[in-house]
file work.csv (CSV, C-alpha atoms)
chain,number,residue,atom,x,y,z
A,1,LEU,CA,-115.9,91.6,-29.9
A,2,LEU,CA,-119.2,91.1,-28.1
A,3,MET,CA,-117.9,92.6,-24.8
A,4,THR,CA,-116.3,95.5,-26.7
A,5,ASN,CA,-119.6,96.3,-28.4
A,6,GLN,CA,-121.3,96.2,-25.1
A,7,LEU,CA,-118.7,98.6,-23.6
A,8,ASP,CA,-119.1,101.0,-26.5
A,9,GLN,CA,-122.9,101.0,-25.9
A,10,TYR,CA,-122.4,101.6,-22.1
A,11,GLU,CA,-120.2,104.6,-23.0
A,12,ARG,CA,-122.9,106.0,-25.3
A,13,TYR,CA,-125.5,105.5,-22.5
A,14,ALA,CA,-123.2,107.2,-20.0
A,15,GLN,CA,-122.9,110.2,-22.3
A,16,ASN,CA,-126.6,110.3,-22.9
A,17,VAL,CA,-127.2,110.4,-19.1
A,18,LYS,CA,-124.6,113.1,-18.7
A,19,ASP,CA,-126.2,115.2,-21.4
A,20,GLN,CA,-129.7,114.8,-19.8
A,21,LEU,CA,-128.4,115.9,-16.5
A,22,VAL,CA,-126.6,118.9,-17.9
A,23,SER,CA,-129.7,119.9,-19.8
A,24,GLN,CA,-131.6,119.9,-16.5
A,25,GLY,CA,-129.0,122.1,-14.9
A,26,VAL,CA,-127.6,119.2,-12.8
A,27,GLU,CA,-123.8,118.8,-12.5
A,28,PRO,CA,-123.0,115.1,-13.0
A,29,LYS,CA,-120.9,113.6,-10.3
A,30,GLU,CA,-117.9,111.4,-11.1
A,31,PRO,CA,-118.0,107.9,-9.5
A,32,ASN,CA,-116.2,107.6,-6.3
A,33,PRO,CA,-112.6,106.6,-7.2
A,34,MET,CA,-112.3,104.2,-4.3
A,35,SER,CA,-115.5,102.4,-5.4
A,36,LYS,CA,-114.2,102.2,-9.0
A,37,LEU,CA,-110.9,100.8,-7.8
A,38,SER,CA,-112.6,98.3,-5.5
A,39,ALA,CA,-114.8,97.0,-8.3
A,40,LYS,CA,-111.9,96.8,-10.7
A,41,ILE,CA,-109.8,94.8,-8.1
A,42,GLY,CA,-112.7,92.5,-7.4
A,43,MET,CA,-113.2,91.8,-11.1
A,44,GLU,CA,-109.5,91.2,-11.6
A,45,MET,CA,-109.4,88.8,-8.6
A,46,LYS,CA,-112.3,86.8,-9.9
A,47,SER,CA,-110.8,86.7,-13.3
A,48,MET,CA,-107.5,85.5,-12.0
A,49,GLN,CA,-109.2,82.7,-10.1
A,50,ASP,CA,-111.1,81.5,-13.2
A,51,SER,CA,-110.6,83.1,-16.6
A,52,THR,CA,-112.7,80.7,-18.6
A,53,THR,CA,-115.2,82.0,-21.0
A,54,SER,CA,-118.1,80.5,-19.0
A,55,HIS,CA,-117.0,82.2,-15.8
A,56,MET,CA,-116.6,85.6,-17.5
A,57,ALA,CA,-120.1,85.2,-19.0
A,58,GLU,CA,-121.4,84.3,-15.6
A,59,MET,CA,-119.9,87.5,-14.1
A,60,MET,CA,-121.5,89.5,-17.0
A,61,VAL,CA,-124.9,87.9,-16.4
A,62,GLN,CA,-124.7,88.6,-12.7
A,63,GLY,CA,-123.7,92.3,-13.2
A,64,SER,CA,-126.4,92.8,-15.9
A,65,THR,CA,-129.0,91.2,-13.8
A,66,MET,CA,-128.2,93.5,-10.9
A,67,ASP,CA,-128.4,96.5,-13.3
A,68,VAL,CA,-131.8,95.4,-14.6
A,69,THR,CA,-133.2,95.0,-11.1
A,70,ASP,CA,-131.9,98.4,-10.0
A,71,LEU,CA,-133.0,100.3,-13.1
A,72,LEU,CA,-136.5,98.7,-13.1
A,73,GLN,CA,-137.0,99.7,-9.5
A,74,LYS,CA,-136.0,103.3,-10.2
A,75,ALA,CA,-138.0,103.5,-13.4
A,76,ASN,CA,-141.1,102.2,-11.7
A,77,ALA,CA,-140.6,104.6,-8.8
A,78,TYR,CA,-140.5,107.7,-11.1
A,79,GLU,CA,-142.8,106.6,-13.9
A,80,ASP,CA,-145.7,108.8,-12.7
A,81,TYR,CA,-143.5,112.0,-12.8
A,82,PRO,CA,-143.8,113.8,-16.1
A,83,GLU,CA,-140.5,115.6,-15.5
A,84,CYS,CA,-138.8,112.2,-15.4
A,85,ARG,CA,-140.3,110.9,-18.6
A,86,ASN,CA,-137.0,111.0,-20.6
A,87,SER,CA,-135.0,109.4,-17.7
A,88,VAL,CA,-137.6,106.6,-17.3
A,89,LYS,CA,-137.5,106.0,-21.1
A,90,LEU,CA,-133.7,105.8,-21.1
A,91,ALA,CA,-133.7,103.5,-18.1
A,92,LYS,CA,-136.1,101.1,-19.9
A,93,GLU,CA,-134.0,101.3,-23.0
A,94,ILE,CA,-130.9,100.3,-21.0
A,95,VAL,CA,-133.0,97.5,-19.3
A,96,ALA,CA,-133.8,96.1,-22.8
A,97,PHE,CA,-130.1,96.3,-23.8
A,98,GLU,CA,-129.0,94.6,-20.6
A,99,GLU,CA,-131.6,91.8,-21.1
A,100,LYS,CA,-130.3,91.2,-24.6
A,101,ASN,CA,-126.8,91.1,-23.2
A,102,ILE,CA,-127.9,88.5,-20.6
A,103,GLU,CA,-129.3,86.3,-23.4
A,104,LYS,CA,-126.1,86.6,-25.4
A,105,MET,CA,-123.9,85.8,-22.5
A,106,LYS,CA,-126.0,82.7,-21.6
A,107,GLU,CA,-124.7,81.1,-24.9
A,108,PHE,CA,-121.3,81.0,-23.2
A,109,LEU,CA,-122.3,79.4,-20.0
call {"tool": "encode", "arguments": {"input": "work.csv", "output": "structure tokens"}}
result
Amino acid sequence: LLMTNQLDQYERYAQNVKDQLVSQGVEPKEPNPMSKLSAKIGMEMKSMQDSTTSHMAEMMVQGSTMDVTDLLQKANAYEDYPECRNSVKLAKEIVAFEEKNIEKMKEFL
């Protein structure tokens, strides 16, 4: 249930980002299909090796931590640009969401 709720929120964030891009006249690009497939295969391989709750939580923590680092770097780089205000705000909102996810996942380690 926890992971399903997270996935639902990720989808809402993805739609929000898409809406912001469209409102700025930018055509959103779909992720590279090969990158998506590679990531999916990697996750499935790791899950097949160890499908325990603690290992799944560890993978989630690692992914969320990488997301937080990446988003904070980008938000900080564009914070002084008024035209990026909404994007920076959304990035920081996602960072807060990811940080909560990390804390929730730690309970399963």
call {"tool": "residues_near_point", "arguments": {"input": "work.csv", "point": "(-128.6, 96.9, -20.8)", "cutoff": "6 Å", "atoms": "all atoms listed in the file", "output": "PyMOL selection string"}}
result
chain A and resi 94-99
call {"tool": "write_last_selection", "arguments": {"input": "work.csv", "atoms": "C-alpha atoms", "output": "short mmCIF file (atom, residue, chain, number, x, y, z; two decimals), in the frame of the given file"}}
result
data_model
loop_
_atom_site.label_atom_id
_atom_site.label_comp_id
_atom_site.auth_asym_id
_atom_site.auth_seq_id
_atom_site.Cartn_x
_atom_site.Cartn_y
_atom_site.Cartn_z
CA ILE A 94 -130.90 100.30 -21.00
CA VAL A 95 -133.00 97.50 -19.30
CA ALA A 96 -133.80 96.10 -22.80
CA PHE A 97 -130.10 96.30 -23.80
CA GLU A 98 -129.00 94.60 -20.60
CA GLU A 99 -131.60 91.80 -21.10
#
call {"tool": "atom_distance", "arguments": {"input": "work.csv", "atom1": "atom CA of A:Val88", "atom2": "atom CA of A:Val68"}}
result
12.9 Å
call {"tool": "residues_around", "arguments": {"input": "work.csv", "residues": "A:Asn101", "least_positions_apart": "5", "cutoff": "8 Å", "atoms": "only C-alpha atoms", "output": "list in words"}}
result
Gln6, Val61 and Ser64 of chain A
call {"tool": "closest_atom_pairs", "arguments": {"input": "work.csv", "of": "stretch 33-65 of chain A", "to": "stretch 69-73 of chain A", "cutoff": "12 Å", "atoms": "only C-alpha atoms", "output": "Markdown table"}}
result
| residue | atom | partner | partner_atom | distance |
| --- | --- | --- | --- | --- |
| A:Gln62 | CA | A:Thr69 | CA | 10.8 |
| A:Gly63 | CA | A:Thr69 | CA | 10.1 |
| A:Ser64 | CA | A:Thr69 | CA | 8.6 |
| A:Thr65 | CA | A:Thr69 | CA | 6.3 |
call {"tool": "write_last_selection", "arguments": {"input": "work.csv", "atoms": "C-alpha atoms", "output": "PDB file, in the frame of the given file"}}
result
ATOM      1  CA  GLN A  62    -124.700  88.600 -12.700  1.00  0.00           C
ATOM      2  CA  GLY A  63    -123.700  92.300 -13.200  1.00  0.00           C
ATOM      3  CA  SER A  64    -126.400  92.800 -15.900  1.00  0.00           C
ATOM      4  CA  THR A  65    -129.000  91.200 -13.800  1.00  0.00           C
TER       5      THR A  65
END
call {"tool": "closest_residue", "arguments": {"input": "work.csv", "among": "A:Ala77, A:Ala91, A:Cys84, A:Met43", "to": "A:Gln24", "atoms": "only C-alpha atoms"}}
result
A:Cys84
call {"tool": "atom_distance", "arguments": {"input": "work.csv", "atom1": "atom CA of A:Gln9", "atom2": "atom CA of A:Pro33"}}
result
22.1 Å
call {"tool": "atom_distance", "arguments": {"input": "work.csv", "atom1": "atom CA of A:Gln15", "atom2": "atom CA of A:Lys104"}}
result
24.0 Å
